[in-house]
Amino acid sequence: MFGAANDAELVQPVRYMFEATPQAAERVMAAHFDGRRNYVEEMQVKTFDGRIVEVLLLVTYPQPPENLDTTFITMQEIGDRVAAERQLRQLQTDFAHASRISTLGELSTSIAHEVKQPLGAIMLNGGTSLRRLAQVNPDLAKVRHLLEKIIESAGQATDIIGRIQAMASKQVPKRAQVSLNSIMRDAVRFVNQECVEKGITVRELLSPDVPLICGDRIQLQQVAVNLLVNAIHAIEQQSGGAIREICVLTHLTGTGRVEFVVADSGPGVAPENIGRLFDSFFTTKPGGMGIGLAICRTIMHDHDGEIAATNRPEGGSAFRCSLPGDGS
Ligand code: ADP
C-alpha cells in the first residue's frame with residue numbers, strides 16, 4: 001500500500017503515515033489523552049512513490065495492564081469504497097435535479113434506500129471489526145471475514161450505481177436473452193420503498209413457464225417502472241379505506257407470446273380517455289408530462305411488442321404488454 005521498497009522504509013517513526021493528513025496525527029494523540037480505547041478516521045496517506053491513497057485508520061490504544069508503549073495502528077485501503085460513495089453522492093444530487101424532468105426522479109427515495117443498505121452493512125461490519133481488534137487476542141480470521149463482507153457490500157453499492165446509471169442514461173439498445181421475471185422483480189424493487197410508505201401492497205404472480213425473451217433489459221425495465229409509478233399515482237387518487245394493491249404478473253399466452261401485466265386498484269381510466277393514453281403529452285395529472293406511456297409504447301414497438309390498457313371489471317386498470325417469446 002505504501003509502495004515501500006523494503007521493510008526498513010516502514011519501520012521508522014510514524015511521521016510518514018501522516019504526511020498527507022497532518023491533522024490526523026493531532027487527533028490520534030488527542031483521542032489517546034482523552035482515554036479512548038479506539039480511534040477511527042478516514043484519511044489520506046502519501047506513499048513512498050508519491051501517490052495519495054485513501055485509507056481507513058484504526059488505532060487501538062493500550063490500557064493498563066497492557067504494554068503501555070505499544071499502540072496498534074491499522075490502515076485499510078478504501079479507495080474504491082470512497083470513490084463509490086463519492087459517485088453515489090454525486091448521483092443522488094444529480095437525481096434530485098433530474099427528478100423535475102424525469103419519471104425516474106420519482107424513484108430517488110427508493111434508490112437512496114437501496115444504497116443505504118450496503119453502506120449500513122459497511123458501517124456495521126467496520127464497527128464490529130474495530131471492536132474485535134480492540135480485544136486482547138483479536139480473532140484475526142473473524143476480522144478478515146468482516147473485511148471481506150465490507151468489500152462485498154461496497155461491490156453491491158457499485159452495482160446499484162451501475163443499474164441507476166444505465167437506467168438514467170440514454171443508451172443504445174442492447175439485445176440479449178433476458179428473463180422477464182427477473183426484469184419485473186427488479187422493477188418492483190425500485191418502487192418497493194415508495195409502496196411501503198404509501199401503504200400499497202404489491203403482489204407478484206410471476207409464472208415459472210415464461211421463456212427467455214430477446215430484448216433490452218434496461219428499456220423493458222423502464223416500461224415496467226413507468227407502469228408501476230402510474231399505478232401508484234392512480235391508487236393515490238383513491239379515497240381512504242379502499243383496497244390499495246398493485247398486481248404484477250407474467251405468463252405465457254396460448255399463442256406463444258409472453259405477457260406482463262401491471263394492474264392496480266385505482267379509479268381506472270375514464271372511457272373517453274382510453275384511446276388517447278399513449279399519445280405524447282396526454283396527461284390528466286396537474287404536474288404530469290404525458291410522455292411516460294408514449295415512451296412505453298415506443299419501447300414495446302421496438303421489441304415487436306404491444307401495449308394496451310383496459311379497465312378491470314372489479315375496478316382499477318390493467319396495462320398489458322406482450323412480446324414474442326424467444327425463437328418465435
Ligand atoms: P403522466 O403520468 O405524466 O400523466 P403518462 O403518459 O405516464 O404521463 O400517463 C398519461 C395518462 O394516462 C395519465 O395522466 C393518466 O390519466 C393515465 N393513466 C396512466 N396510468 C394510469 C393508471 N394506472 N390508472 C389510471 N390512469 C392512468
# chains A, B, ... in the order shown; residues from 1 in each chain; ligands from 1
>>> residues_near_ligand(ligand="ligand 1", cutoff="9 Å", atoms="only C-alpha atoms and all ligand atoms", output="number ranges by chain")
A: 103, 226-235, 262-270, 273-274, 276-296, 309, 311, 316-319
>>> select_by_dssp(residues="range 77-311 of chain A", states="strand (DSSP E)", output="VMD selection string")
chain A and resid 77 176 to 178 201 to 206 213 to 215 245 to 252 257 to 264 306 to 311
>>> select_by_dssp(residues="range 94-323 of chain A", states="helix (DSSP H, G or I)", output="number ranges by chain")
A: 94-98, 103-133, 140-168, 180-197, 217-236, 271-273, 292-302
>>> residues_around(residues="Phe72 in chain A", least_positions_apart="6", cutoff="12 Å", atoms="only C-alpha atoms", output="ChimeraX atom specification")
/A:14,28,32,37-40,57-63,66,130,133-136,138
>>> write_last_selection(atoms="C-alpha atoms", output="PDB file, in the first residue's frame")
ATOM      1  CA  VAL A  14       5.233   7.065  12.139  1.00  0.00           C
ATOM      2  CA  VAL A  28      -4.862  10.452  17.193  1.00  0.00           C
ATOM      3  CA  HIS A  32      -5.263   8.913  23.393  1.00  0.00           C
ATOM      4  CA  ARG A  37      -9.721   2.807  23.644  1.00  0.00           C
ATOM      5  CA  ASN A  38     -10.008   3.239  19.872  1.00  0.00           C
ATOM      6  CA  TYR A  39      -9.833   5.911  17.289  1.00  0.00           C
ATOM      7  CA  VAL A  40     -11.005   5.619  13.720  1.00  0.00           C
ATOM      8  CA  LEU A  57      -7.147   4.391  10.001  1.00  0.00           C
ATOM      9  CA  LEU A  58      -7.878   2.275  13.058  1.00  0.00           C
ATOM     10  CA  VAL A  59      -5.965   2.943  16.253  1.00  0.00           C
ATOM     11  CA  THR A  60      -6.214   0.872  19.415  1.00  0.00           C
ATOM     12  CA  TYR A  61      -4.526   2.360  22.470  1.00  0.00           C
ATOM     13  CA  PRO A  62      -3.013   0.324  25.282  1.00  0.00           C
ATOM     14  CA  GLN A  63      -4.658   0.310  28.682  1.00  0.00           C
ATOM     15  CA  GLU A  66      -1.179  -3.888  28.797  1.00  0.00           C
ATOM     16  CA  LEU A 130     -12.869  -2.438  15.370  1.00  0.00           C
ATOM     17  CA  LEU A 133      -9.364  -5.680  17.064  1.00  0.00           C
ATOM     18  CA  ALA A 134      -9.663  -3.992  20.424  1.00  0.00           C
ATOM     19  CA  GLN A 135      -9.825  -7.359  22.176  1.00  0.00           C
ATOM     20  CA  VAL A 136      -6.651  -8.593  23.822  1.00  0.00           C
ATOM     21  CA  PRO A 138      -8.229 -10.450  18.422  1.00  0.00           C
TER      22      PRO A 138
END
>>> residues_around(residues="range 175-184 of chain A", least_positions_apart="6", cutoff="7 Å", atoms="only C-alpha atoms", output="PyMOL selection string")
chain A and resi 206+212-217+221+224+250
>>> write_last_selection(atoms="N, CA, C and O atoms", output="compact mmCIF listing (two decimals), in the first residue's frame")
# COMPACT_ATOMS: atom_id res chain seq x y z
N LEU A 206 -45.60 -14.31 -10.86
CA LEU A 206 -44.69 -14.49 -11.99
C LEU A 206 -44.66 -15.97 -12.37
O LEU A 206 -44.26 -16.81 -11.56
N LEU A 212 -37.27 -17.23 -21.93
CA LEU A 212 -36.43 -16.03 -22.09
C LEU A 212 -36.91 -15.27 -23.32
O LEU A 212 -37.43 -15.87 -24.26
N ILE A 213 -36.74 -13.96 -23.28
CA ILE A 213 -37.11 -13.18 -24.47
C ILE A 213 -35.88 -12.45 -24.97
O ILE A 213 -34.89 -12.31 -24.24
N CYS A 214 -35.97 -11.96 -26.20
CA CYS A 214 -34.85 -11.24 -26.76
C CYS A 214 -35.19 -9.75 -26.64
O CYS A 214 -36.18 -9.29 -27.19
N GLY A 215 -34.40 -9.02 -25.87
CA GLY A 215 -34.75 -7.61 -25.69
C GLY A 215 -33.70 -6.85 -24.92
O GLY A 215 -32.67 -7.39 -24.53
N ASP A 216 -33.99 -5.57 -24.71
CA ASP A 216 -33.10 -4.71 -23.95
C ASP A 216 -33.61 -4.62 -22.51
O ASP A 216 -34.67 -4.05 -22.25
N ARG A 217 -32.84 -5.22 -21.64
CA ARG A 217 -33.25 -5.32 -20.24
C ARG A 217 -33.61 -3.96 -19.63
O ARG A 217 -34.64 -3.81 -18.99
N GLN A 221 -37.26 -2.71 -18.44
CA GLN A 221 -37.40 -2.35 -17.03
C GLN A 221 -38.02 -0.95 -16.91
O GLN A 221 -38.83 -0.70 -16.03
N ALA A 224 -41.70 -1.24 -17.28
CA ALA A 224 -42.33 -1.77 -16.07
C ALA A 224 -42.35 -0.71 -14.96
O ALA A 224 -43.38 -0.53 -14.29
N THR A 250 -46.78 -12.20 -14.91
CA THR A 250 -46.21 -12.59 -16.20
C THR A 250 -46.82 -13.94 -16.56
O THR A 250 -47.12 -14.73 -15.67
>>> atom_distance(atom1="CA of His301 in chain A", atom2="CA of His251 in chain A")
19.3 Å
>>> closest_residue(among="A:Arg257, A:Lys198, A:Arg27, A:Arg185", to="Val225 in chain A", atoms="only C-alpha atoms")
A:Arg185
>>> closest_residue(among="A:Ala8, A:Arg36, A:Glu41, A:Asp186", to="Gln23 in chain A", atoms="only C-alpha atoms")
A:Glu41
>>> closest_residue(among="A:Val223, A:Val196, A:Ile161, A:Cys247", to="Cys321 in chain A", atoms="only C-alpha atoms")
A:Val223
>>> closest_residue(among="A:Met29, A:Leu252, A:Leu124, A:Ala24", to="Asp209 in chain A", atoms="only C-alpha atoms")
A:Leu252
>>> closest_residue(among="A:Gln222, A:Ser322, A:Thr70, A:Thr158", to="Arg86 in chain A", atoms="only C-alpha atoms")
A:Thr158
>>> decode(residues="range 126-154 of chain A", atoms="N, CA, C and O atoms", output="PDB file, in the first residue's frame")
ATOM      1  N   GLY A 126     -17.631  -2.616   9.854  1.00  0.00           N
ATOM      2  CA  GLY A 126     -16.442  -1.840  10.225  1.00  0.00           C
ATOM      3  C   GLY A 126     -16.363  -1.688  11.736  1.00  0.00           C
ATOM      4  O   GLY A 126     -15.315  -1.897  12.361  1.00  0.00           O
ATOM      5  N   GLY A 127     -17.514  -1.360  12.345  1.00  0.00           N
ATOM      6  CA  GLY A 127     -17.567  -1.185  13.803  1.00  0.00           C
ATOM      7  C   GLY A 127     -17.230  -2.480  14.532  1.00  0.00           C
ATOM      8  O   GLY A 127     -16.468  -2.492  15.499  1.00  0.00           O
ATOM      9  N   THR A 128     -17.811  -3.593  14.030  1.00  0.00           N
ATOM     10  CA  THR A 128     -17.562  -4.886  14.674  1.00  0.00           C
ATOM     11  C   THR A 128     -16.081  -5.247  14.555  1.00  0.00           C
ATOM     12  O   THR A 128     -15.476  -5.743  15.510  1.00  0.00           O
ATOM     13  N   SER A 129     -15.496  -4.972  13.373  1.00  0.00           N
ATOM     14  CA  SER A 129     -14.068  -5.266  13.187  1.00  0.00           C
ATOM     15  C   SER A 129     -13.245  -4.522  14.232  1.00  0.00           C
ATOM     16  O   SER A 129     -12.340  -5.088  14.858  1.00  0.00           O
ATOM     17  N   LEU A 130     -13.608  -3.256  14.407  1.00  0.00           N
ATOM     18  CA  LEU A 130     -12.869  -2.438  15.370  1.00  0.00           C
ATOM     19  C   LEU A 130     -12.943  -3.016  16.775  1.00  0.00           C
ATOM     20  O   LEU A 130     -11.928  -3.115  17.477  1.00  0.00           O
ATOM     21  N   ARG A 131     -14.138  -3.399  17.146  1.00  0.00           N
ATOM     22  CA  ARG A 131     -14.308  -3.934  18.497  1.00  0.00           C
ATOM     23  C   ARG A 131     -13.500  -5.211  18.662  1.00  0.00           C
ATOM     24  O   ARG A 131     -12.873  -5.433  19.689  1.00  0.00           O
ATOM     25  N   ARG A 132     -13.494  -6.024  17.605  1.00  0.00           N
ATOM     26  CA  ARG A 132     -12.727  -7.276  17.690  1.00  0.00           C
ATOM     27  C   ARG A 132     -11.239  -6.983  17.785  1.00  0.00           C
ATOM     28  O   ARG A 132     -10.520  -7.619  18.545  1.00  0.00           O
ATOM     29  N   LEU A 133     -10.794  -6.011  17.025  1.00  0.00           N
ATOM     30  CA  LEU A 133      -9.364  -5.680  17.064  1.00  0.00           C
ATOM     31  C   LEU A 133      -8.964  -5.148  18.434  1.00  0.00           C
ATOM     32  O   LEU A 133      -7.814  -5.227  18.838  1.00  0.00           O
ATOM     33  N   ALA A 134      -9.951  -4.575  19.121  1.00  0.00           N
ATOM     34  CA  ALA A 134      -9.663  -3.992  20.424  1.00  0.00           C
ATOM     35  C   ALA A 134      -9.525  -5.067  21.498  1.00  0.00           C
ATOM     36  O   ALA A 134      -9.056  -4.794  22.601  1.00  0.00           O
ATOM     37  N   GLN A 135      -9.932  -6.296  21.177  1.00  0.00           N
ATOM     38  CA  GLN A 135      -9.825  -7.359  22.176  1.00  0.00           C
ATOM     39  C   GLN A 135      -8.350  -7.723  22.372  1.00  0.00           C
ATOM     40  O   GLN A 135      -7.525  -7.489  21.484  1.00  0.00           O
ATOM     41  N   VAL A 136      -8.053  -8.313  23.511  1.00  0.00           N
ATOM     42  CA  VAL A 136      -6.651  -8.593  23.822  1.00  0.00           C
ATOM     43  C   VAL A 136      -6.050  -9.554  22.795  1.00  0.00           C
ATOM     44  O   VAL A 136      -4.996  -9.303  22.240  1.00  0.00           O
ATOM     45  N   ASN A 137      -6.760 -10.639  22.499  1.00  0.00           N
ATOM     46  CA  ASN A 137      -6.261 -11.537  21.456  1.00  0.00           C
ATOM     47  C   ASN A 137      -7.247 -11.538  20.306  1.00  0.00           C
ATOM     48  O   ASN A 137      -8.088 -12.423  20.195  1.00  0.00           O
ATOM     49  N   PRO A 138      -7.193 -10.540  19.449  1.00  0.00           N
ATOM     50  CA  PRO A 138      -8.229 -10.450  18.422  1.00  0.00           C
ATOM     51  C   PRO A 138      -8.233 -11.672  17.507  1.00  0.00           C
ATOM     52  O   PRO A 138      -7.170 -12.189  17.161  1.00  0.00           O
ATOM     53  N   ASP A 139      -9.434 -12.100  17.174  1.00  0.00           N
ATOM     54  CA  ASP A 139      -9.581 -13.237  16.257  1.00  0.00           C
ATOM     55  C   ASP A 139      -9.444 -12.681  14.834  1.00  0.00           C
ATOM     56  O   ASP A 139     -10.398 -12.196  14.236  1.00  0.00           O
ATOM     57  N   LEU A 140      -8.234 -12.730  14.313  1.00  0.00           N
ATOM     58  CA  LEU A 140      -7.961 -12.067  13.035  1.00  0.00           C
ATOM     59  C   LEU A 140      -8.699 -12.724  11.877  1.00  0.00           C
ATOM     60  O   LEU A 140      -9.050 -12.073  10.898  1.00  0.00           O
ATOM     61  N   ALA A 141      -8.991 -14.013  12.011  1.00  0.00           N
ATOM     62  CA  ALA A 141      -9.733 -14.690  10.942  1.00  0.00           C
ATOM     63  C   ALA A 141     -11.127 -14.085  10.834  1.00  0.00           C
ATOM     64  O   ALA A 141     -11.646 -13.835   9.744  1.00  0.00           O
ATOM     65  N   LYS A 142     -11.723 -13.823  12.005  1.00  0.00           N
ATOM     66  CA  LYS A 142     -13.068 -13.209  12.030  1.00  0.00           C
ATOM     67  C   LYS A 142     -13.008 -11.813  11.409  1.00  0.00           C
ATOM     68  O   LYS A 142     -13.872 -11.411  10.626  1.00  0.00           O
ATOM     69  N   VAL A 143     -11.978 -11.054  11.800  1.00  0.00           N
ATOM     70  CA  VAL A 143     -11.840  -9.685  11.287  1.00  0.00           C
ATOM     71  C   VAL A 143     -11.675  -9.720   9.770  1.00  0.00           C
ATOM     72  O   VAL A 143     -12.275  -8.946   9.028  1.00  0.00           O
ATOM     73  N   ARG A 144     -10.874 -10.685   9.326  1.00  0.00           N
ATOM     74  CA  ARG A 144     -10.660 -10.820   7.879  1.00  0.00           C
ATOM     75  C   ARG A 144     -12.005 -11.082   7.182  1.00  0.00           C
ATOM     76  O   ARG A 144     -12.321 -10.482   6.152  1.00  0.00           O
ATOM     77  N   HIS A 145     -12.798 -11.954   7.785  1.00  0.00           N
ATOM     78  CA  HIS A 145     -14.104 -12.277   7.228  1.00  0.00           C
ATOM     79  C   HIS A 145     -14.970 -11.014   7.136  1.00  0.00           C
ATOM     80  O   HIS A 145     -15.633 -10.755   6.125  1.00  0.00           O
ATOM     81  N   LEU A 146     -14.935 -10.200   8.221  1.00  0.00           N
ATOM     82  CA  LEU A 146     -15.737  -8.975   8.232  1.00  0.00           C
ATOM     83  C   LEU A 146     -15.257  -8.008   7.151  1.00  0.00           C
ATOM     84  O   LEU A 146     -16.057  -7.365   6.477  1.00  0.00           O
ATOM     85  N   LEU A 147     -13.945  -7.943   6.979  1.00  0.00           N
ATOM     86  CA  LEU A 147     -13.410  -7.043   5.941  1.00  0.00           C
ATOM     87  C   LEU A 147     -13.849  -7.514   4.556  1.00  0.00           C
ATOM     88  O   LEU A 147     -14.161  -6.711   3.684  1.00  0.00           O
ATOM     89  N   GLU A 148     -13.898  -8.837   4.379  1.00  0.00           N
ATOM     90  CA  GLU A 148     -14.368  -9.348   3.086  1.00  0.00           C
ATOM     91  C   GLU A 148     -15.829  -8.951   2.854  1.00  0.00           C
ATOM     92  O   GLU A 148     -16.222  -8.598   1.752  1.00  0.00           O
ATOM     93  N   LYS A 149     -16.601  -8.986   3.963  1.00  0.00           N
ATOM     94  CA  LYS A 149     -18.001  -8.593   3.825  1.00  0.00           C
ATOM     95  C   LYS A 149     -18.126  -7.108   3.480  1.00  0.00           C
ATOM     96  O   LYS A 149     -19.009  -6.699   2.722  1.00  0.00           O
ATOM     97  N   ILE A 150     -17.211  -6.317   4.035  1.00  0.00           N
ATOM     98  CA  ILE A 150     -17.220  -4.874   3.726  1.00  0.00           C
ATOM     99  C   ILE A 150     -16.988  -4.666   2.232  1.00  0.00           C
ATOM    100  O   ILE A 150     -17.696  -3.912   1.561  1.00  0.00           O
ATOM    101  N   ILE A 151     -16.008  -5.405   1.708  1.00  0.00           N
ATOM    102  CA  ILE A 151     -15.693  -5.271   0.274  1.00  0.00           C
ATOM    103  C   ILE A 151     -16.896  -5.716  -0.568  1.00  0.00           C
ATOM    104  O   ILE A 151     -17.256  -5.086  -1.548  1.00  0.00           O
ATOM    105  N   GLU A 152     -17.541  -6.792  -0.101  1.00  0.00           N
ATOM    106  CA  GLU A 152     -18.721  -7.300  -0.821  1.00  0.00           C
ATOM    107  C   GLU A 152     -19.829  -6.240  -0.856  1.00  0.00           C
ATOM    108  O   GLU A 152     -20.438  -5.981  -1.891  1.00  0.00           O
ATOM    109  N   SER A 153     -20.056  -5.576   0.290  1.00  0.00           N
ATOM    110  CA  SER A 153     -21.111  -4.552   0.350  1.00  0.00           C
ATOM    111  C   SER A 153     -20.762  -3.383  -0.552  1.00  0.00           C
ATOM    112  O   SER A 153     -21.639  -2.815  -1.218  1.00  0.00           O
ATOM    113  N   ALA A 154     -19.469  -3.010  -0.570  1.00  0.00           N
ATOM    114  CA  ALA A 154     -19.068  -1.898  -1.441  1.00  0.00           C
ATOM    115  C   ALA A 154     -19.343  -2.281  -2.895  1.00  0.00           C
ATOM    116  O   ALA A 154     -19.795  -1.456  -3.693  1.00  0.00           O
TER     117      ALA A 154
END
